[in-house]
2 protein chains.
Amino acid sequence: MKISMLLFDGFTALDFVGGYEVLRGIPGASIEFAAHERGLVAADTRMLGLVAYRSFDEIESTDVLYVGGGPGVSAALKDEAVLGCIRRLDQRSQWTVGVCNGVELLAAAGVLEGKTVTTNYAKREDVRKYGVAVEPLRYLRDGKVVTGAGVSASIDLGLFLAGLIGGEDLSKMIQLGVEYYPAPPFGSTGADDAPEPFRNAVRQFESLSHALLESVKPPF
Amino acid sequence: MKISMLLFDGFTALDFVGGYEVLRGIPGASIEFAAHERGLVAADTRMLGLVAYRSFDEIESTDVLYVGGGPGVSAALKDEAVLGCIRRLDQRSQWTVGVCNGVELLAAAGVLEGKTVTTNYAKREDVRKYGVAVEPLRYLRDGKVVTGAGVSASIDLGLFLAGLIGGEDLSKMIQLGVEYYPAPPFGSTGADDAPEPFRNAVRQFESLSHALLESVKPPF
């Protein structure tokens, strides 16, 4: 089973690596990282670089199309190479996966028509603008489309998809392998219950992340 | 606050990226990835490559020394460059962090003397062999040493450390930023409650991972 992760400048690393670390546990899974062209792709922080060793053009088809998010999505939304690659690979994929505002990229590419999805708690309206129904869930399947909430939801989504592909026991074995028995130190109320000052702080942090993309050159 | 993540061939990506994605949210945090020499470092799967843009020698000192794990730890345990770098940076670090069997690397470097730590559920005896006390916890602080359980525990550990550094509100804001409100699809019993066949399957998977390191060349 081939899993193709589409990277773009300014991606959020955990959106991808959470899913990668789980899906790698599926027997026979082969994961590849792709981008416009082969080479290093800088994450949103400009402090982490992942190597893409496939260009979009080199992927003829894939079993699992996987698109994460990040502040770089804003630029990718206008990037026909990214959107075209999503459109092309979705045609023959067994599963099309979106995490965080990577779901917005899927919507912009037009592959979510008639689907119900989830996405980052702060991006629901952005996705709805494409006429796609959004539910405030951690992960969600609608046909072959599997979507997840923000960033770390990539892990839960990965375990959910592993369950769909290989059953509950496989998912639980992978869960043990990555020792995913979460214990957030200050509890886990859900994004929608977070106090407004926190939501505001995260919005400001995300604005800064966008500014950072423009102004900071990666050290690699 | 400088955070230095020490990579080595055959690392497990989520051990590092989980902590990175959380700790990046600390105001003023600057994270760097280092290895023997600058260049790509291949993860245990041989399907993911992270760039190290510092060599160990280039880091004079750091505020947070961060060591994750992976099957590559077996070789790193015999690698004086890795152990020496840990020893050197620990001398002046504010925090020394170990995740998964990265904790074994810290123990082997001799920086855990008299400490109590946690580690990957399957590696507790390996760490105890160094005379270090191990508790079966998700994360644990002992003085300046902060340790975490396996792989995905890097996220909980990161939030815990962010709380120690910047307080509960900061930790909760970062938690919202990475939308960490986990919902494993098949529940969360804890590694010690996993049935023996699952534990066996993970052991086999890990043996395979070791064999993979020897036999598979990364495609980058």
# chains A, B, ... in the order shown; residues from 1 in each chain; ligands from 1

call {"tool": "select_by_dssp", "arguments": {"residues": "chain A", "states": "alpha helix (DSSP H)", "output": "ChimeraX atom specification"}}
result
/A:13-23,73-76,80-92,102-109,124-128,153-166,168-177,196-215

call {"tool": "interface_residues", "arguments": {"of": "chain B", "to": "chain A", "cutoff": "8 Å", "atoms": "only C-alpha atoms", "output": "PyMOL selection string"}}
result
chain B and resi 13-14+17-18+21+24+30-33+40+45+47-51+53+120-121+138+149-153+156+159-160+168+171-174+176-186+188-191+194+198-199+201-202+219-220

call {"tool": "select_by_dssp", "arguments": {"residues": "chain B", "states": "strand (DSSP E)", "output": "PyMOL selection string"}}
result
chain B and resi 2-6+30-35+39-42+49-52+54-55+64-67+95-99+116-117+133-134+139-142+145-148

call {"tool": "closest_residue", "arguments": {"among": "B:Ala133, B:Val216, B:Val82, B:Gly68", "to": "Val103 in chain B", "atoms": "only C-alpha atoms"}}
result
B:Gly68

call {"tool": "closest_residue", "arguments": {"among": "B:Leu105, B:Val132, B:Leu89, B:Ala211", "to": "Ile59 in chain B", "atoms": "only C-alpha atoms"}}
result
B:Leu89

call {"tool": "residues_around", "arguments": {"residues": "Gln91 in chain B", "least_positions_apart": "4", "cutoff": "12 Å", "atoms": "only C-alpha atoms", "output": "PyMOL selection string"}}
result
chain B and resi 60-65+84-87+95-96+109-112+144-145

call {"tool": "residues_around", "arguments": {"residues": "Gly114 in chain B", "least_positions_apart": "5", "cutoff": "12 Å", "atoms": "only C-alpha atoms", "output": "PDB file with all heavy atoms, in the first residue's frame"}}
result
ATOM      1  N   ALA B 107      21.301   7.723  29.833  1.00  0.00           N
ATOM      2  CA  ALA B 107      21.864   6.870  30.893  1.00  0.00           C
ATOM      3  C   ALA B 107      23.275   6.420  30.516  1.00  0.00           C
ATOM      4  O   ALA B 107      24.203   6.485  31.325  1.00  0.00           O
ATOM      5  CB  ALA B 107      20.962   5.670  31.136  1.00  0.00           C
ATOM      6  N   ARG B 128      17.360   0.509  33.581  1.00  0.00           N
ATOM      7  CA  ARG B 128      17.737   0.150  34.967  1.00  0.00           C
ATOM      8  C   ARG B 128      19.140  -0.446  35.034  1.00  0.00           C
ATOM      9  O   ARG B 128      19.816  -0.338  36.055  1.00  0.00           O
ATOM     10  CB  ARG B 128      16.708  -0.836  35.545  1.00  0.00           C
ATOM     11  CG  ARG B 128      15.368  -0.179  35.855  1.00  0.00           C
ATOM     12  CD  ARG B 128      14.426  -1.099  36.636  1.00  0.00           C
ATOM     13  NE  ARG B 128      13.145  -0.410  36.857  1.00  0.00           N
ATOM     14  CZ  ARG B 128      11.972  -0.820  36.379  1.00  0.00           C
ATOM     15  NH1 ARG B 128      11.883  -1.928  35.649  1.00  0.00           N
ATOM     16  NH2 ARG B 128      10.869  -0.129  36.622  1.00  0.00           N
ATOM     17  N   TYR B 130      21.691   0.626  33.942  1.00  0.00           N
ATOM     18  CA  TYR B 130      22.676   1.683  34.196  1.00  0.00           C
ATOM     19  C   TYR B 130      22.585   2.193  35.640  1.00  0.00           C
ATOM     20  O   TYR B 130      23.185   3.213  35.973  1.00  0.00           O
ATOM     21  CB  TYR B 130      22.467   2.845  33.217  1.00  0.00           C
ATOM     22  CG  TYR B 130      22.769   2.475  31.779  1.00  0.00           C
ATOM     23  CD1 TYR B 130      21.780   1.964  30.946  1.00  0.00           C
ATOM     24  CD2 TYR B 130      24.050   2.617  31.262  1.00  0.00           C
ATOM     25  CE1 TYR B 130      22.044   1.605  29.637  1.00  0.00           C
ATOM     26  CE2 TYR B 130      24.340   2.269  29.958  1.00  0.00           C
ATOM     27  CZ  TYR B 130      23.322   1.761  29.149  1.00  0.00           C
ATOM     28  OH  TYR B 130      23.601   1.406  27.852  1.00  0.00           O
ATOM     29  N   GLY B 131      21.777   1.512  36.465  1.00  0.00           N
ATOM     30  CA  GLY B 131      21.656   1.938  37.856  1.00  0.00           C
ATOM     31  C   GLY B 131      20.727   3.121  38.047  1.00  0.00           C
ATOM     32  O   GLY B 131      20.768   3.799  39.070  1.00  0.00           O
ATOM     33  N   VAL B 132      19.889   3.369  37.030  1.00  0.00           N
ATOM     34  CA  VAL B 132      18.969   4.501  37.088  1.00  0.00           C
ATOM     35  C   VAL B 132      17.573   3.986  37.478  1.00  0.00           C
ATOM     36  O   VAL B 132      17.134   2.956  36.965  1.00  0.00           O
ATOM     37  CB  VAL B 132      18.910   5.199  35.704  1.00  0.00           C
ATOM     38  CG1 VAL B 132      17.892   6.326  35.711  1.00  0.00           C
ATOM     39  CG2 VAL B 132      20.297   5.704  35.314  1.00  0.00           C
ATOM     40  N   ALA B 133      16.895   4.676  38.389  1.00  0.00           N
ATOM     41  CA  ALA B 133      15.547   4.264  38.799  1.00  0.00           C
ATOM     42  C   ALA B 133      14.540   4.643  37.720  1.00  0.00           C
ATOM     43  O   ALA B 133      14.591   5.748  37.176  1.00  0.00           O
ATOM     44  CB  ALA B 133      15.179   4.933  40.117  1.00  0.00           C
ATOM     45  N   VAL B 134      13.633   3.713  37.398  1.00  0.00           N
ATOM     46  CA  VAL B 134      12.645   3.942  36.342  1.00  0.00           C
ATOM     47  C   VAL B 134      11.236   3.766  36.902  1.00  0.00           C
ATOM     48  O   VAL B 134      10.952   2.766  37.569  1.00  0.00           O
ATOM     49  CB  VAL B 134      12.841   2.952  35.167  1.00  0.00           C
ATOM     50  CG1 VAL B 134      11.795   3.186  34.087  1.00  0.00           C
ATOM     51  CG2 VAL B 134      14.250   3.088  34.597  1.00  0.00           C
ATOM     52  N   ASP B 142      12.818  15.092  37.303  1.00  0.00           N
ATOM     53  CA  ASP B 142      13.669  14.927  38.479  1.00  0.00           C
ATOM     54  C   ASP B 142      14.782  15.957  38.343  1.00  0.00           C
ATOM     55  O   ASP B 142      15.720  15.772  37.558  1.00  0.00           O
ATOM     56  CB  ASP B 142      14.214  13.496  38.554  1.00  0.00           C
ATOM     57  CG  ASP B 142      15.006  13.256  39.836  1.00  0.00           C
ATOM     58  OD1 ASP B 142      15.231  14.222  40.606  1.00  0.00           O
ATOM     59  OD2 ASP B 142      15.412  12.095  40.076  1.00  0.00           O
ATOM     60  N   GLY B 143      14.677  17.031  39.105  1.00  0.00           N
ATOM     61  CA  GLY B 143      15.644  18.127  38.946  1.00  0.00           C
ATOM     62  C   GLY B 143      15.512  18.711  37.562  1.00  0.00           C
ATOM     63  O   GLY B 143      14.409  19.063  37.137  1.00  0.00           O
ATOM     64  N   VAL B 145      16.200  17.071  34.852  1.00  0.00           N
ATOM     65  CA  VAL B 145      15.988  15.980  33.889  1.00  0.00           C
ATOM     66  C   VAL B 145      14.488  15.713  33.718  1.00  0.00           C
ATOM     67  O   VAL B 145      13.782  15.436  34.687  1.00  0.00           O
ATOM     68  CB  VAL B 145      16.703  14.695  34.345  1.00  0.00           C
ATOM     69  CG1 VAL B 145      16.324  13.520  33.449  1.00  0.00           C
ATOM     70  CG2 VAL B 145      18.218  14.907  34.336  1.00  0.00           C
TER      71      VAL B 145
END

call {"tool": "decode", "arguments": {"residues": "range 51-171 of chain B", "atoms": "C-alpha atoms", "output": "mmCIF file, in the first residue's frame"}}
result
data_model
loop_
_atom_site.group_PDB
_atom_site.id
_atom_site.type_symbol
_atom_site.label_atom_id
_atom_site.label_comp_id
_atom_site.auth_asym_id
_atom_site.auth_seq_id
_atom_site.Cartn_x
_atom_site.Cartn_y
_atom_site.Cartn_z
ATOM 1 C CA VAL B 51 17.915 17.733 7.891
ATOM 2 C CA ALA B 52 20.507 18.380 10.569
ATOM 3 C CA TYR B 53 21.884 21.858 10.010
ATOM 4 C CA ARG B 54 24.289 21.794 12.930
ATOM 5 C CA SER B 55 27.036 19.323 13.633
ATOM 6 C CA PHE B 56 27.486 18.247 17.250
ATOM 7 C CA ASP B 57 30.767 20.176 17.347
ATOM 8 C CA GLU B 58 29.075 23.403 16.334
ATOM 9 C CA ILE B 59 26.907 23.512 19.467
ATOM 10 C CA GLU B 60 28.885 25.129 22.214
ATOM 11 C CA SER B 61 26.076 24.981 24.734
ATOM 12 C CA THR B 62 22.304 24.812 24.838
ATOM 13 C CA ASP B 63 19.417 25.539 27.176
ATOM 14 C CA VAL B 64 17.419 22.394 26.439
ATOM 15 C CA LEU B 65 19.219 19.230 25.422
ATOM 16 C CA TYR B 66 16.648 16.964 23.758
ATOM 17 C CA VAL B 67 17.323 13.323 22.907
ATOM 18 C CA GLY B 68 14.663 11.122 21.339
ATOM 19 C CA GLY B 69 14.922 7.442 20.568
ATOM 20 C CA GLY B 70 14.467 4.810 17.911
ATOM 21 C CA PRO B 71 16.087 1.529 16.866
ATOM 22 C CA GLY B 72 19.161 3.568 15.934
ATOM 23 C CA VAL B 73 19.856 3.950 19.648
ATOM 24 C CA SER B 74 21.548 0.526 19.619
ATOM 25 C CA ALA B 75 24.337 1.878 17.430
ATOM 26 C CA ALA B 76 24.348 5.307 19.071
ATOM 27 C CA LEU B 77 25.012 3.666 22.449
ATOM 28 C CA LYS B 78 28.430 2.714 21.102
ATOM 29 C CA ASP B 79 29.053 6.058 19.457
ATOM 30 C CA GLU B 80 31.358 8.228 21.522
ATOM 31 C CA ALA B 81 30.511 11.302 19.420
ATOM 32 C CA VAL B 82 26.851 11.058 20.461
ATOM 33 C CA LEU B 83 27.583 10.207 24.097
ATOM 34 C CA GLY B 84 30.284 12.872 24.357
ATOM 35 C CA CYS B 85 27.957 15.511 22.918
ATOM 36 C CA ILE B 86 25.254 14.595 25.451
ATOM 37 C CA ARG B 87 27.761 14.733 28.300
ATOM 38 C CA ARG B 88 29.140 18.076 27.186
ATOM 39 C CA LEU B 89 25.793 19.808 26.577
ATOM 40 C CA ASP B 90 24.252 18.428 29.768
ATOM 41 C CA GLN B 91 26.897 20.216 31.832
ATOM 42 C CA ARG B 92 25.393 23.621 31.124
ATOM 43 C CA SER B 93 21.828 22.798 30.061
ATOM 44 C CA GLN B 94 18.871 24.181 31.975
ATOM 45 C CA TRP B 95 16.893 21.092 31.055
ATOM 46 C CA THR B 96 18.004 17.702 29.811
ATOM 47 C CA VAL B 97 15.212 15.835 28.068
ATOM 48 C CA GLY B 98 14.941 12.194 27.046
ATOM 49 C CA VAL B 99 12.074 10.521 25.212
ATOM 50 C CA CYS B 100 11.510 6.810 24.612
ATOM 51 C CA ASN B 101 14.815 4.909 24.497
ATOM 52 C CA GLY B 102 16.573 8.244 24.057
ATOM 53 C CA VAL B 103 16.538 7.962 27.849
ATOM 54 C CA GLU B 104 18.853 4.966 27.513
ATOM 55 C CA LEU B 105 21.275 7.176 25.588
ATOM 56 C CA LEU B 106 21.223 9.696 28.427
ATOM 57 C CA ALA B 107 21.864 6.870 30.893
ATOM 58 C CA ALA B 108 24.736 5.519 28.805
ATOM 59 C CA ALA B 109 26.261 8.983 28.643
ATOM 60 C CA GLY B 110 26.241 9.023 32.432
ATOM 61 C CA VAL B 111 24.051 12.082 32.908
ATOM 62 C CA LEU B 112 21.282 10.308 34.843
ATOM 63 C CA GLU B 113 23.250 9.340 37.941
ATOM 64 C CA GLY B 114 20.986 9.330 40.984
ATOM 65 C CA LYS B 115 17.941 10.304 38.907
ATOM 66 C CA THR B 116 14.522 8.728 38.569
ATOM 67 C CA VAL B 117 13.199 8.623 35.017
ATOM 68 C CA THR B 118 10.561 7.138 32.771
ATOM 69 C CA THR B 119 11.101 5.594 29.315
ATOM 70 C CA ASN B 120 9.426 3.455 26.650
ATOM 71 C CA TYR B 121 7.430 0.708 28.378
ATOM 72 C CA ALA B 122 9.576 -1.964 26.722
ATOM 73 C CA LYS B 123 12.904 -0.350 27.658
ATOM 74 C CA ARG B 124 12.606 0.015 31.414
ATOM 75 C CA GLU B 125 14.978 -2.861 32.219
ATOM 76 C CA ASP B 126 17.502 -1.581 29.696
ATOM 77 C CA VAL B 127 17.620 1.757 31.505
ATOM 78 C CA ARG B 128 17.737 0.150 34.967
ATOM 79 C CA LYS B 129 20.925 -1.674 33.918
ATOM 80 C CA TYR B 130 22.676 1.683 34.196
ATOM 81 C CA GLY B 131 21.656 1.938 37.856
ATOM 82 C CA VAL B 132 18.969 4.501 37.088
ATOM 83 C CA ALA B 133 15.547 4.264 38.799
ATOM 84 C CA VAL B 134 12.645 3.942 36.342
ATOM 85 C CA GLU B 135 8.974 4.635 37.012
ATOM 86 C CA PRO B 136 6.223 3.569 34.559
ATOM 87 C CA LEU B 137 4.928 7.096 33.913
ATOM 88 C CA ARG B 138 3.967 9.170 30.884
ATOM 89 C CA TYR B 139 6.470 11.902 31.797
ATOM 90 C CA LEU B 140 8.556 12.695 34.831
ATOM 91 C CA ARG B 141 10.727 15.478 36.168
ATOM 92 C CA ASP B 142 13.669 14.927 38.479
ATOM 93 C CA GLY B 143 15.644 18.127 38.946
ATOM 94 C CA LYS B 144 16.544 19.366 35.496
ATOM 95 C CA VAL B 145 15.988 15.980 33.889
ATOM 96 C CA VAL B 146 12.608 15.533 32.165
ATOM 97 C CA THR B 147 11.833 12.172 30.586
ATOM 98 C CA GLY B 148 8.961 10.698 28.652
ATOM 99 C CA ALA B 149 7.544 7.304 27.751
ATOM 100 C CA GLY B 150 7.534 6.009 24.155
ATOM 101 C CA VAL B 151 7.243 7.940 20.882
ATOM 102 C CA SER B 152 3.975 9.911 21.169
ATOM 103 C CA ALA B 153 4.714 10.709 24.834
ATOM 104 C CA SER B 154 6.961 13.420 23.367
ATOM 105 C CA ILE B 155 3.808 15.560 23.049
ATOM 106 C CA ASP B 156 2.718 15.165 26.672
ATOM 107 C CA LEU B 157 6.307 15.654 27.806
ATOM 108 C CA GLY B 158 6.550 18.804 25.691
ATOM 109 C CA LEU B 159 3.393 20.242 27.240
ATOM 110 C CA PHE B 160 4.650 19.313 30.694
ATOM 111 C CA LEU B 161 8.006 21.010 30.073
ATOM 112 C CA ALA B 162 6.292 24.065 28.558
ATOM 113 C CA GLY B 163 4.301 24.241 31.794
ATOM 114 C CA LEU B 164 7.471 24.077 33.889
ATOM 115 C CA ILE B 165 9.057 26.817 31.808
ATOM 116 C CA GLY B 166 6.121 29.133 31.197
ATOM 117 C CA GLY B 167 3.288 28.004 33.434
ATOM 118 C CA GLU B 168 -0.016 26.217 33.002
ATOM 119 C CA ASP B 169 -1.634 28.857 30.794
ATOM 120 C CA LEU B 170 1.205 28.723 28.274
ATOM 121 C CA SER B 171 1.010 24.942 28.182
#
